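Remarks on the structure that follows.
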Amino acid sequence: MVDSWTAPALTAANPSGVPWTQAEFARYLVTGAGTFHGVAAGPMGPVVHGGIAELPESDIAAIATYLGDIVGAPEADAQQSPVVLASIAAGKPDPAYRQALGERLYVSACASCHYSVPENGVTAARPDLGINSATREADPSNLIHVILDGVAVKEGSGGVVMPAYREALSDSQIAAIAEYLRASRTGLPAWENLDQRVADLRAHVGTH
Ligand code: HEC
């Protein structure tokens, strides 16, 4: 353990589904990301980006060779490994599942909070986005503002917070969510030039 992060064994005992190989060690040590073993996060970040990155390539290659020899796995095409194929299949149960970008983003970014169940009806602390003016106005500004900057403690119902997505979502991603909500919830005419509207409002420094 390092700072409550686990440092997995770099031997055949490593728990990954795909064995580490010399090529994968090299990718990881040079770029900070292995294709089959994730990224150098936590205490490993500075080791790669602040330390190993300074080494000559030949030294990194030598470390990778040494570590690869310890694991002793063959350099096989890991993309075709049964573990990889099974994991990809499990992550996509139905090929038609939520292919539309807006719906995918909505499900991952918004639906954990914004859902209503018939038994409880609609509640104020968890606004139902299909019925409020934000999605039904002829102008999408309010919806875009709320997605960009959230709702702070001193707005809305006191003490309740809606997170801001300014740093997390791009203009076109926010536009895709707005387009999706408008089309799937309201049946009203689509908003036009949404990407540009998001870019304008993102750049606009208002007083609220
Ligand atoms: C962590 C929970 C949470 C997440 C995630 C979340 N919201 Fe909210 N949202 C809230 C809460 C709580 C409020 C009500 C805030 C208040 O009343 O102070 C709110 C309010 C809103 C409002 C204003 C209500 C209205 O209809 O006028 C909109 C619009 C909205 N959210 C859209 C979104 C969208 C779009 C996403 C995804 C990009 C999202 N929210 C993600 C919790 C969340």
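For the structure tokens, the naming scheme is as follows: chains receive sequential letters (A, B, ...) according to their order of presentation, residues are indexed from 1 within each chain, and ligands are indexed from 1 in presentation order.
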
Residue neighbourhood region 128-142 of chain A, 6 Å, only C-alpha atoms, exclusion window fewer than 3 positions, as a ChimeraX atom specification: /A:145,182,185

Those residues with C-alpha atoms, as a PDB file, in the first residue's frame please?
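For reference, out15.pdb as written:
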ATOM      1  CA  HIS A 145     -26.860  27.784 -17.945  1.00  0.00           C
ATOM      2  CA  ARG A 182     -35.934  18.441 -25.931  1.00  0.00           C
ATOM      3  CA  ARG A 185     -39.391  14.721 -23.374  1.00  0.00           C
TER       4      ARG A 185
END

At most 8 Å from ligand 1 (only C-alpha atoms and all ligand atoms): residue list as a PyMOL selection string: chain A and resi 105-106+108-114+124-135+142-144+146-147+150-163+165+174+177-178+181

Could you give me, as a tab-separated table (two decimals) with all heavy atoms, in the first residue's frame, the residues within 10 Å of Gly42 (chain A), counting only C-alpha atoms and dropping anything in the same chain fewer than 4 positions from it?
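Writing the result to part.tsv gives the following:
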chain	number	residue	atom	x	y	z
A	2	VAL	N	0.52	2.25	-0.81
A	2	VAL	CA	1.19	3.55	-0.78
A	2	VAL	C	0.09	4.60	-0.69
A	2	VAL	O	-0.75	4.69	-1.59
A	2	VAL	CB	2.00	3.79	-2.08
A	2	VAL	CG1	2.70	5.13	-2.02
A	2	VAL	CG2	2.99	2.66	-2.32
A	3	ASP	N	0.07	5.38	0.40
A	3	ASP	CA	-0.97	6.40	0.57
A	3	ASP	C	-2.37	5.82	0.38
A	3	ASP	O	-3.21	6.43	-0.28
A	3	ASP	CB	-0.79	7.53	-0.45
A	3	ASP	CG	0.22	8.54	0.03
A	3	ASP	OD1	0.64	8.46	1.20
A	3	ASP	OD2	0.59	9.42	-0.77
A	4	SER	N	-2.60	4.64	0.87
A	4	SER	CA	-3.87	3.91	0.75
A	4	SER	C	-4.21	3.51	-0.69
A	4	SER	O	-5.34	3.15	-1.00
A	4	SER	CB	-5.03	4.68	1.38
A	4	SER	OG	-5.43	5.76	0.58
A	5	TRP	N	-3.24	3.61	-1.61
A	5	TRP	CA	-3.40	3.00	-2.95
A	5	TRP	C	-2.67	1.66	-2.91
A	5	TRP	O	-1.61	1.55	-2.29
A	5	TRP	CB	-2.76	3.86	-4.04
A	5	TRP	CG	-3.49	5.13	-4.34
A	5	TRP	CD1	-3.61	6.21	-3.51
A	5	TRP	CD2	-4.17	5.48	-5.55
A	5	TRP	NE1	-4.33	7.19	-4.13
A	5	TRP	CE2	-4.69	6.78	-5.37
A	5	TRP	CE3	-4.38	4.81	-6.76
A	5	TRP	CZ2	-5.41	7.43	-6.37
A	5	TRP	CZ3	-5.10	5.46	-7.74
A	5	TRP	CH2	-5.62	6.75	-7.54
A	6	THR	N	-3.21	0.66	-3.63
A	6	THR	CA	-2.55	-0.63	-3.71
A	6	THR	C	-1.53	-0.62	-4.84
A	6	THR	O	-1.85	-0.16	-5.94
A	6	THR	CB	-3.57	-1.74	-3.99
A	6	THR	OG1	-4.58	-1.65	-3.00
A	6	THR	CG2	-2.94	-3.11	-3.97
A	46	PRO	N	3.41	10.73	-10.47
A	46	PRO	CA	4.71	11.40	-10.46
A	46	PRO	C	5.89	10.47	-10.75
A	46	PRO	O	6.93	10.93	-11.24
A	46	PRO	CB	4.81	11.98	-9.04
A	46	PRO	CG	3.66	11.47	-8.26
A	46	PRO	CD	2.66	10.91	-9.22
A	47	VAL	N	5.72	9.18	-10.46
A	47	VAL	CA	6.82	8.25	-10.76
A	47	VAL	C	7.06	8.23	-12.27
A	47	VAL	O	8.19	8.33	-12.74
A	47	VAL	CB	6.50	6.82	-10.26
A	47	VAL	CG1	7.55	5.83	-10.74
A	47	VAL	CG2	6.37	6.81	-8.75

Separation of CA of Gln22 (chain A) from CA of Leu10 (chain A) in Å: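 That distance, rounded to one decimal, is 11.4 Å.
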
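Of note, CA of Val71 (chain A) and CA of His49 (chain A) are spaced 23.7 Å apart.
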
Selection: 8 Å around Val198 (chain A), only C-alpha atoms, excl. self and same-chain fewer than 2 positions, as a list of chain:residue names: A:Ile144, A:Asp171, A:Ser172, A:Ile174, A:Ala175, A:Leu194, A:Asp195, A:Gln196, A:Asp200, A:Leu201, A:Arg202

Would you list the contacts of region 75-84 of chain A as an mmCIF file with N, CA and C atoms, in the first residue's frame, taking every protein, DNA or RNA residue within 10 Å and counting only C-alpha atoms, but skipping same-chain residues closer than 3 positions in sequence?
data_model
loop_
_atom_site.group_PDB
_atom_site.id
_atom_site.type_symbol
_atom_site.label_atom_id
_atom_site.label_comp_id
_atom_site.auth_asym_id
_atom_site.auth_seq_id
_atom_site.Cartn_x
_atom_site.Cartn_y
_atom_site.Cartn_z
ATOM 1 N N SER A 16 -4.302 -8.560 -13.115
ATOM 2 C CA SER A 16 -4.968 -8.142 -14.355
ATOM 3 C C SER A 16 -5.451 -9.329 -15.170
ATOM 4 N N GLY A 17 -6.453 -9.072 -16.009
ATOM 5 C CA GLY A 17 -6.987 -10.133 -16.861
ATOM 6 C C GLY A 17 -6.049 -10.490 -17.996
ATOM 7 N N VAL A 18 -5.197 -9.557 -18.385
ATOM 8 C CA VAL A 18 -4.227 -9.771 -19.463
ATOM 9 C C VAL A 18 -2.840 -9.646 -18.842
ATOM 10 N N PRO A 19 -1.922 -10.591 -19.090
ATOM 11 C CA PRO A 19 -0.599 -10.488 -18.482
ATOM 12 C C PRO A 19 0.167 -9.254 -18.974
ATOM 13 N N TRP A 20 0.963 -8.666 -18.102
ATOM 14 C CA TRP A 20 1.880 -7.607 -18.510
ATOM 15 C C TRP A 20 2.954 -8.227 -19.412
ATOM 16 N N THR A 21 3.367 -7.469 -20.416
ATOM 17 C CA THR A 21 4.461 -7.928 -21.272
ATOM 18 C C THR A 21 5.465 -6.788 -21.380
ATOM 19 N N GLN A 22 6.587 -7.083 -21.993
ATOM 20 C CA GLN A 22 7.612 -6.062 -22.173
ATOM 21 C C GLN A 22 7.045 -4.851 -22.931
ATOM 22 N N ALA A 23 6.259 -5.111 -23.997
ATOM 23 C CA ALA A 23 5.708 -4.002 -24.794
ATOM 24 C C ALA A 23 4.749 -3.164 -23.963
ATOM 25 N N GLU A 24 3.949 -3.819 -23.134
ATOM 26 C CA GLU A 24 2.980 -3.089 -22.319
ATOM 27 C C GLU A 24 3.688 -2.281 -21.228
ATOM 28 N N THR A 35 -2.295 -0.068 -22.567
ATOM 29 C CA THR A 35 -3.562 -0.352 -23.246
ATOM 30 C C THR A 35 -4.422 -1.308 -22.430
ATOM 31 N N PHE A 36 -3.777 -2.266 -21.774
ATOM 32 C CA PHE A 36 -4.541 -3.315 -21.097
ATOM 33 C C PHE A 36 -4.445 -3.237 -19.575
ATOM 34 N N GLY A 68 9.326 -7.413 -18.036
ATOM 35 C CA GLY A 68 8.654 -8.383 -18.904
ATOM 36 C C GLY A 68 9.194 -9.787 -18.695
ATOM 37 N N GLY A 72 7.220 -13.123 -17.578
ATOM 38 C CA GLY A 72 7.432 -14.310 -18.411
ATOM 39 C C GLY A 72 6.270 -14.673 -19.319
ATOM 40 N N SER A 87 -14.858 -8.945 -21.743
ATOM 41 C CA SER A 87 -15.126 -7.686 -21.048
ATOM 42 C C SER A 87 -15.803 -6.679 -21.972
ATOM 43 N N ILE A 88 -15.345 -6.645 -23.237
ATOM 44 C CA ILE A 88 -15.978 -5.729 -24.194
ATOM 45 C C ILE A 88 -17.432 -6.127 -24.409
ATOM 46 N N ALA A 89 -17.664 -7.445 -24.547
ATOM 47 C CA ALA A 89 -19.035 -7.910 -24.771
ATOM 48 C C ALA A 89 -19.917 -7.575 -23.567
ATOM 49 N N ALA A 90 -19.380 -7.734 -22.348
ATOM 50 C CA ALA A 90 -20.182 -7.487 -21.148
ATOM 51 C C ALA A 90 -20.511 -6.001 -20.990
#

Residues flagged helix (DSSP H, G or I) by DSSP in region 68-147 of chain A, as an MDAnalysis selection string: chainID A and resid 68:71 78:80 82:91 101:109 133:136 141:147

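For the pair CA of Glu167 (chain A) and CA of Pro43 (chain A), the interatomic distance is 23.9 Å.
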
Counting only C-alpha atoms, the residue of A:Ala190, A:Ala7, A:Ile70, A:Ala64 that sits nearest Ala176 (chain A):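 Ranked by minimum distance to Ala176 (chain A), first place goes to A:Ala190.
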
Spatial neighbours of Gly32 (chain A), max dist 10 Å, only C-alpha atoms, sep filter under 6 positions, as a list in words: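 These residues fall inside the cut-off: Phe25, Ala26, Gly38, Val39, Ala40, Ala41, Met44, Gly45, Pro46, Val47, Val48, His49, Ile52 and Ala53 of chain A.
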
Restricted to N, CA and C atoms, what would the selected residues look like written as a PDB file, in the first residue's frame?
ATOM      1  N   PHE A  25       4.696  -2.868 -20.602  1.00  0.00           N
ATOM      2  CA  PHE A  25       5.483  -2.104 -19.620  1.00  0.00           C
ATOM      3  C   PHE A  25       6.075  -0.861 -20.287  1.00  0.00           C
ATOM      4  N   ALA A  26       6.602  -1.027 -21.499  1.00  0.00           N
ATOM      5  CA  ALA A  26       7.227   0.100 -22.190  1.00  0.00           C
ATOM      6  C   ALA A  26       6.197   1.194 -22.451  1.00  0.00           C
ATOM      7  N   GLY A  38      -4.537   0.069 -17.733  1.00  0.00           N
ATOM      8  CA  GLY A  38      -4.943   1.345 -17.167  1.00  0.00           C
ATOM      9  C   GLY A  38      -3.813   2.349 -17.072  1.00  0.00           C
ATOM     10  N   VAL A  39      -4.032   3.359 -16.242  1.00  0.00           N
ATOM     11  CA  VAL A  39      -3.157   4.530 -16.249  1.00  0.00           C
ATOM     12  C   VAL A  39      -2.358   4.642 -14.951  1.00  0.00           C
ATOM     13  N   ALA A  40      -1.306   5.443 -15.015  1.00  0.00           N
ATOM     14  CA  ALA A  40      -0.477   5.709 -13.841  1.00  0.00           C
ATOM     15  C   ALA A  40      -1.161   6.768 -12.993  1.00  0.00           C
ATOM     16  N   ALA A  41      -2.119   6.336 -12.153  1.00  0.00           N
ATOM     17  CA  ALA A  41      -2.858   7.280 -11.306  1.00  0.00           C
ATOM     18  C   ALA A  41      -2.276   7.252  -9.900  1.00  0.00           C
ATOM     19  N   MET A  44       1.530   6.727  -8.516  1.00  0.00           N
ATOM     20  CA  MET A  44       2.295   6.286  -9.679  1.00  0.00           C
ATOM     21  C   MET A  44       2.439   7.408 -10.713  1.00  0.00           C
ATOM     22  N   GLY A  45       1.550   8.416 -10.641  1.00  0.00           N
ATOM     23  CA  GLY A  45       1.603   9.523 -11.609  1.00  0.00           C
ATOM     24  C   GLY A  45       2.962  10.201 -11.633  1.00  0.00           C
ATOM     25  N   PRO A  46       3.407  10.729 -10.474  1.00  0.00           N
ATOM     26  CA  PRO A  46       4.715  11.402 -10.461  1.00  0.00           C
ATOM     27  C   PRO A  46       5.887  10.469 -10.754  1.00  0.00           C
ATOM     28  N   VAL A  47       5.721   9.179 -10.463  1.00  0.00           N
ATOM     29  CA  VAL A  47       6.822   8.249 -10.764  1.00  0.00           C
ATOM     30  C   VAL A  47       7.060   8.228 -12.270  1.00  0.00           C
ATOM     31  N   VAL A  48       5.967   8.145 -13.035  1.00  0.00           N
ATOM     32  CA  VAL A  48       6.111   8.099 -14.489  1.00  0.00           C
ATOM     33  C   VAL A  48       6.423   9.486 -15.042  1.00  0.00           C
ATOM     34  N   HIS A  49       5.567  10.466 -14.693  1.00  0.00           N
ATOM     35  CA  HIS A  49       5.685  11.762 -15.379  1.00  0.00           C
ATOM     36  C   HIS A  49       6.776  12.650 -14.793  1.00  0.00           C
ATOM     37  N   ILE A  52      10.450   8.787 -14.383  1.00  0.00           N
ATOM     38  CA  ILE A  52      10.870   7.904 -15.468  1.00  0.00           C
ATOM     39  C   ILE A  52      10.907   8.632 -16.811  1.00  0.00           C
ATOM     40  N   ALA A  53      10.001   9.631 -16.962  1.00  0.00           N
ATOM     41  CA  ALA A  53       9.959  10.368 -18.235  1.00  0.00           C
ATOM     42  C   ALA A  53      11.298  11.055 -18.528  1.00  0.00           C
TER      43      ALA A  53
END

Residues flagged strand (DSSP E or B) by DSSP in region 71-195 of chain A, as JSON, numbers by chain: {"A": [117, 121, 123, 126, 151, 162]}

Can I get the selected residues back with N, CA and C atoms, as a PDB file, in the first residue's frame?
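Saved to result-v2.pdb:
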ATOM      1  N   VAL A 117     -40.085   8.212 -10.050  1.00  0.00           N
ATOM      2  CA  VAL A 117     -40.757   6.909 -10.098  1.00  0.00           C
ATOM      3  C   VAL A 117     -42.228   7.127  -9.797  1.00  0.00           C
ATOM      4  N   GLY A 121     -44.105   9.942  -7.439  1.00  0.00           N
ATOM      5  CA  GLY A 121     -44.422  11.133  -8.213  1.00  0.00           C
ATOM      6  C   GLY A 121     -43.200  12.028  -8.379  1.00  0.00           C
ATOM      7  N   THR A 123     -40.751  15.186  -7.541  1.00  0.00           N
ATOM      8  CA  THR A 123     -40.366  15.917  -6.333  1.00  0.00           C
ATOM      9  C   THR A 123     -39.526  17.139  -6.698  1.00  0.00           C
ATOM     10  N   ARG A 126     -35.651  16.916  -6.881  1.00  0.00           N
ATOM     11  CA  ARG A 126     -35.121  16.128  -7.997  1.00  0.00           C
ATOM     12  C   ARG A 126     -35.960  16.467  -9.219  1.00  0.00           C
ATOM     13  N   VAL A 151     -26.606  24.503  -9.908  1.00  0.00           N
ATOM     14  CA  VAL A 151     -27.451  25.346  -9.059  1.00  0.00           C
ATOM     15  C   VAL A 151     -26.780  25.380  -7.695  1.00  0.00           C
ATOM     16  N   MET A 162     -26.996  21.341  -7.361  1.00  0.00           N
ATOM     17  CA  MET A 162     -26.882  20.612  -8.639  1.00  0.00           C
ATOM     18  C   MET A 162     -25.474  20.878  -9.159  1.00  0.00           C
TER      19      MET A 162
END
